[in-house]
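Source file: my_file31.csv. Holds: CSV, C-alpha atoms and all ligand atoms.
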```csv
chain,number,residue,atom,x,y,z
E,1,MET,CA,-10.0,-24.4,-16.6
E,2,LYS,CA,-6.6,-26.0,-16.0
E,3,PRO,CA,-6.9,-29.5,-14.6
E,4,THR,CA,-5.5,-30.0,-11.1
E,5,PRO,CA,-2.6,-32.5,-10.7
E,6,GLU,CA,-5.2,-34.9,-9.2
E,7,GLU,CA,-7.4,-34.6,-12.3
E,8,GLU,CA,-4.5,-35.1,-14.6
E,9,ARG,CA,-3.5,-38.3,-12.8
E,10,LEU,CA,-7.0,-39.5,-13.1
E,11,MET,CA,-7.2,-38.7,-16.8
E,12,ASN,CA,-4.0,-40.8,-17.3
E,13,ASN,CA,-5.8,-43.8,-16.1
E,14,PHE,CA,-8.0,-43.7,-19.2
E,15,LEU,CA,-5.1,-43.7,-21.6
E,16,PRO,CA,-3.8,-46.9,-23.3
E,17,GLY,CA,-1.4,-49.0,-21.3
E,18,LYS,CA,-2.3,-47.6,-17.9
E,19,ILE,CA,-5.1,-49.9,-16.7
E,20,SER,CA,-6.2,-51.4,-20.0
E,21,LYS,CA,-3.9,-52.1,-22.9
E,22,ASP,CA,-6.2,-50.2,-25.3
E,23,GLY,CA,-7.4,-47.5,-22.9
E,24,PHE,CA,-10.9,-46.4,-22.4
E,25,LEU,CA,-11.2,-43.4,-24.8
E,26,GLY,CA,-10.5,-44.7,-28.2
E,27,SER,CA,-10.3,-41.9,-30.7
E,28,ASP,CA,-12.5,-39.7,-28.5
E,29,SER,CA,-10.8,-36.4,-27.7
E,30,ARG,CA,-13.6,-35.1,-25.5
E,31,HIS,CA,-13.3,-34.6,-21.8
E,32,ILE,CA,-14.6,-37.7,-19.9
E,33,HIS,CA,-17.4,-35.6,-18.3
E,34,ASP,CA,-18.6,-34.5,-21.8
E,35,ILE,CA,-18.6,-38.1,-23.0
E,36,ILE,CA,-20.7,-39.1,-19.9
E,37,GLU,CA,-23.0,-36.1,-20.3
E,38,GLU,CA,-23.9,-36.9,-23.9
E,39,ASP,CA,-24.6,-40.5,-23.3
E,40,MET,CA,-26.8,-39.6,-20.3
E,41,ARG,CA,-28.8,-37.3,-22.5
E,42,ILE,CA,-29.3,-40.1,-25.0
E,43,LEU,CA,-30.6,-42.4,-22.3
E,44,GLU,CA,-32.8,-39.7,-20.9
E,45,ALA,CA,-34.4,-39.1,-24.3
E,46,LEU,CA,-35.0,-42.9,-24.5
E,47,ASP,CA,-36.4,-42.9,-21.0
E,48,VAL,CA,-34.1,-45.7,-19.9
E,49,ASP,CA,-32.3,-45.7,-16.6
E,50,ARG,CA,-28.6,-46.7,-16.9
E,51,THR,CA,-29.1,-48.9,-13.8
E,52,TYR,CA,-31.5,-51.0,-15.9
E,53,LEU,CA,-28.8,-51.5,-18.5
E,54,ALA,CA,-26.2,-52.3,-15.9
E,55,ASP,CA,-28.5,-54.8,-14.3
E,56,ARG,CA,-29.1,-56.6,-17.6
E,57,LEU,CA,-25.3,-56.7,-18.3
E,58,HIS,CA,-24.6,-57.9,-14.9
E,59,PHE,CA,-27.3,-60.6,-15.1
E,60,PHE,CA,-25.9,-62.0,-18.3
E,61,ILE,CA,-22.3,-62.0,-16.9
E,62,ARG,CA,-23.5,-63.9,-13.9
E,63,ARG,CA,-25.5,-66.4,-15.9
E,64,GLY,CA,-22.6,-66.8,-18.3
E,65,ARG,CA,-20.2,-67.5,-15.5
E,66,GLU,CA,-22.2,-70.5,-14.5
E,67,GLY,CA,-21.3,-72.0,-17.9
E,68,LEU,CA,-17.6,-72.1,-16.9
E,69,GLU,CA,-16.5,-70.8,-20.3
E,70,MET,CA,-19.1,-72.8,-22.1
E,71,PRO,CA,-22.0,-71.0,-23.8
E,72,VAL,CA,-25.2,-70.6,-21.9
E,73,GLU,CA,-28.6,-69.9,-23.4
E,74,GLU,CA,-30.9,-67.5,-21.7
E,75,GLU,CA,-34.0,-65.6,-22.8
E,76,GLY,CA,-33.1,-66.0,-26.5
E,77,TYR,CA,-29.5,-64.9,-26.0
E,78,ARG,CA,-26.3,-66.9,-26.1
E,79,ILE,CA,-23.8,-66.0,-23.4
E,80,GLU,CA,-20.1,-66.8,-23.2
E,81,VAL,CA,-17.9,-65.5,-20.3
E,82,HIS,CA,-14.2,-65.8,-20.1
E,83,TRP,CA,-12.1,-65.0,-17.0
E,84,GLN,CA,-8.7,-63.7,-17.8
E,85,ARG,CA,-7.3,-64.5,-14.4
E,86,GLY,CA,-6.7,-61.1,-13.0
E,87,MET,CA,-8.2,-58.0,-11.5
E,88,LEU,CA,-8.5,-54.4,-12.7
E,89,PRO,CA,-8.9,-51.2,-10.8
E,90,CYS,CA,-11.5,-48.6,-11.9
E,91,PRO,CA,-10.0,-45.7,-13.9
E,92,PHE,CA,-12.1,-43.3,-11.8
E,93,GLY,CA,-9.7,-44.1,-9.0
E,94,GLU,CA,-11.8,-45.3,-6.1
E,95,PRO,CA,-10.5,-48.3,-4.2
E,96,GLY,CA,-11.6,-51.8,-5.2
E,97,LEU,CA,-10.8,-54.3,-7.9
E,98,HIS,CA,-12.9,-55.9,-10.6
E,99,PRO,CA,-12.3,-59.4,-12.0
E,100,LYS,CA,-11.1,-59.5,-15.6
E,101,LEU,CA,-14.3,-61.1,-16.9
E,102,MET,CA,-15.1,-60.7,-20.6
E,103,ALA,CA,-18.6,-61.4,-21.8
E,104,PHE,CA,-19.9,-62.1,-25.3
E,105,VAL,CA,-23.7,-62.0,-25.6
E,106,THR,CA,-25.4,-62.8,-28.8
E,107,HIS,CA,-29.0,-62.3,-29.6
E,108,SER,CA,-29.7,-65.7,-31.1
E,109,ALA,CA,-32.4,-64.6,-33.6
E,110,SER,CA,-30.6,-61.7,-35.1
E,111,GLY,CA,-27.0,-62.8,-34.6
E,112,LYS,CA,-26.1,-59.5,-33.1
E,113,THR,CA,-23.3,-59.7,-30.5
E,114,ILE,CA,-22.1,-57.3,-27.8
E,115,ARG,CA,-18.9,-57.7,-25.9
E,116,TYR,CA,-18.1,-56.1,-22.6
E,117,SER,CA,-16.2,-56.6,-19.4
E,118,GLN,CA,-17.2,-56.7,-15.7
E,119,LEU,CA,-15.5,-53.4,-15.4
E,120,SER,CA,-17.8,-52.0,-18.1
E,121,VAL,CA,-20.8,-52.9,-16.0
E,122,HIS,CA,-19.3,-51.0,-13.1
E,123,LEU,CA,-18.4,-48.0,-15.2
E,124,ILE,CA,-21.9,-47.7,-16.5
E,125,ARG,CA,-23.7,-48.3,-13.2
E,126,ARG,CA,-21.5,-46.2,-11.0
E,127,HIS,CA,-20.1,-43.5,-13.4
E,128,GLY,CA,-22.4,-43.4,-16.4
E,129,PHE,CA,-19.4,-44.0,-18.5
E,130,PHE,CA,-19.9,-46.1,-21.7
E,131,GLY,CA,-16.4,-45.6,-23.1
E,132,GLY,CA,-15.0,-43.1,-25.6
E,133,LYS,CA,-15.9,-43.4,-29.2
E,134,GLY,CA,-13.8,-45.9,-31.1
E,135,SER,CA,-12.6,-47.6,-27.8
E,136,PHE,CA,-12.5,-51.3,-27.6
E,137,PHE,CA,-15.3,-51.6,-25.0
E,138,ARG,CA,-17.4,-48.7,-26.1
E,139,LEU,CA,-21.1,-49.7,-25.7
E,140,GLN,CA,-23.5,-47.3,-27.6
E,141,PRO,CA,-26.3,-46.5,-25.2
E,142,ARG,CA,-28.8,-46.5,-28.0
E,143,GLU,CA,-27.7,-49.9,-29.4
E,144,LEU,CA,-27.7,-51.3,-25.9
E,145,VAL,CA,-31.2,-50.2,-25.3
E,146,HIS,CA,-32.2,-51.7,-28.6
E,147,PHE,CA,-30.3,-54.9,-27.8
E,148,PHE,CA,-32.0,-55.5,-24.5
E,149,CYS,CA,-35.3,-53.8,-24.8
E,150,ASP,CA,-36.7,-54.4,-28.2
E,151,ARG,CA,-35.9,-58.1,-28.2
E,152,ALA,CA,-37.3,-61.3,-26.7
E,153,GLY,CA,-40.3,-59.3,-25.5
E,154,LEU,CA,-38.4,-57.9,-22.6
E,155,ALA,CA,-40.0,-55.0,-20.7
E,156,CYS,CA,-37.8,-52.0,-20.8
E,157,ALA,CA,-36.9,-49.3,-18.3
E,158,LYS,CA,-37.0,-49.2,-14.6
E,159,ASP,CA,-38.4,-52.7,-14.2
E,160,PRO,CA,-37.7,-53.8,-10.6
E,161,GLU,CA,-38.0,-57.5,-11.6
E,162,THR,CA,-34.7,-57.2,-13.4
E,163,ALA,CA,-32.7,-55.7,-10.6
E,164,ASP,CA,-30.0,-57.9,-9.5
R,201,ZN,ZN,-15.4,-46.8,-10.4
```

What is this file in structure tokens?
Amino acid sequence: MKPTPEEERLMNNFLPGKISKDGFLGSDSRHIHDIIEEDMRILEALDVDRTYLADRLHFFIRRGREGLEMPVEEEGYRIEVHWQRGMLPCPFGEPGLHPKLMAFVTHSASGKTIRYSQLSVHLIRRHGFFGGKGSFFRLQPRELVHFFCDRAGLACAKDPETAD
């Protein structure tokens, strides 16, 4: 099916230099909807709700912000959040802006680190979009589940206690 001009405009938002310097797709040539669909299938197979992951990511950003750019320890993780003094729109095109916050969360025991932005949390929660393969902010759903669920004795999946 040929994309409508509206769709084409939207697709451009995901390319490098439009909203983000590196873009959101990396080396992934698949359609955005196909990227989302595959990641949603992976989460379904793991029986983890993406809302759970978004809640965890959001929680760590919020805790990290309290450190004012200094590392914060929480639940066996070390969090550092930097604000790059600016706002970003969502590439999916709905109104609203997201602060340019960048989080680095390290699982202290294993040394494994993930990095993500405030916008990534929105993209996962609202759109189920984890980024194209090879993109700067790509978060692998399976790795993310492993990162949050198999560690520090955290309960996984659909736990209302973790909702933010
Ligand atoms: Zn959005």

What does the list of residues within 6 Å of ligand ZN 201 (chain R) look like if you count only C-alpha atoms and all ligand atoms, written as a PyMOL selection string?
chain E and resi 90+92+94+123

What does the file look like for those residues with C-alpha atoms, as an mmCIF file, in the coordinates of the input?
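Written out: part_6.cif:
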```cif
data_model
loop_
_atom_site.group_PDB
_atom_site.id
_atom_site.type_symbol
_atom_site.label_atom_id
_atom_site.label_comp_id
_atom_site.auth_asym_id
_atom_site.auth_seq_id
_atom_site.Cartn_x
_atom_site.Cartn_y
_atom_site.Cartn_z
ATOM 1 C CA CYS E 90 -11.500 -48.600 -11.900
ATOM 2 C CA PHE E 92 -12.100 -43.300 -11.800
ATOM 3 C CA GLU E 94 -11.800 -45.300 -6.100
ATOM 4 C CA LEU E 123 -18.400 -48.000 -15.200
#
```

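For the set E:Gly64, E:Gly17, E:Gly23, E:Pro99, the residue with the smallest atom-to-atom gap to Phe136 (chain E) is E:Gly23, counting only C-alpha atoms.
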
Go through E:Lys18, E:Ala54, E:Ala103, E:Ser27 one by one, measure the shortest atom-to-atom distance of each to Gly67 (chain E) using all atoms listed in the file, and give the residue with the smallest value.
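Among E:Lys18, E:Ala54, E:Ala103, E:Ser27, it is E:Ala103 that comes nearest to Gly67 (chain E).
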
Mind checking which residues fall within 12 Å of region 126-131 of chain E, counting all atoms listed in the file, ignoring those fewer than 2 positions away in the same chain, and posting them as an NGL selection string?
:E and (14-15 or 22-44 or 49-55 or 90-94 or 116-117 or 119-124 or 133-144)

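Picture a line from CA of Pro71 (chain E) to CA of Phe59 (chain E); it runs 14.6 Å.
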
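Of note, CA of His58 (chain E) and CA of Gln118 (chain E) are spaced 7.5 Å apart.
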
Box for region 17-23 of chain E - axis-aligned, 3 Å on each of the six sides, all listed atoms - centre and size in Å to one decimal, as lines of an AutoDock Vina configuration file.
```
center_x = -4.4
center_y = -49.8
center_z = -21.0
size_x = 12.0
size_y = 10.6
size_z = 14.6
```

Any idea what the distance is between CA of His146 (chain E) and CA of Lys100 (chain E)?
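Atom-to-atom, CA of His146 (chain E) to CA of Lys100 (chain E), that is 26.0 Å.
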
Can you tell me, as number ranges by chain, what residues are no more than 9 Å from Glu69 (chain E) when counting all atoms listed in the file, ignoring any on the same chain fewer than 4 positions away?
E: 64-65, 80-83
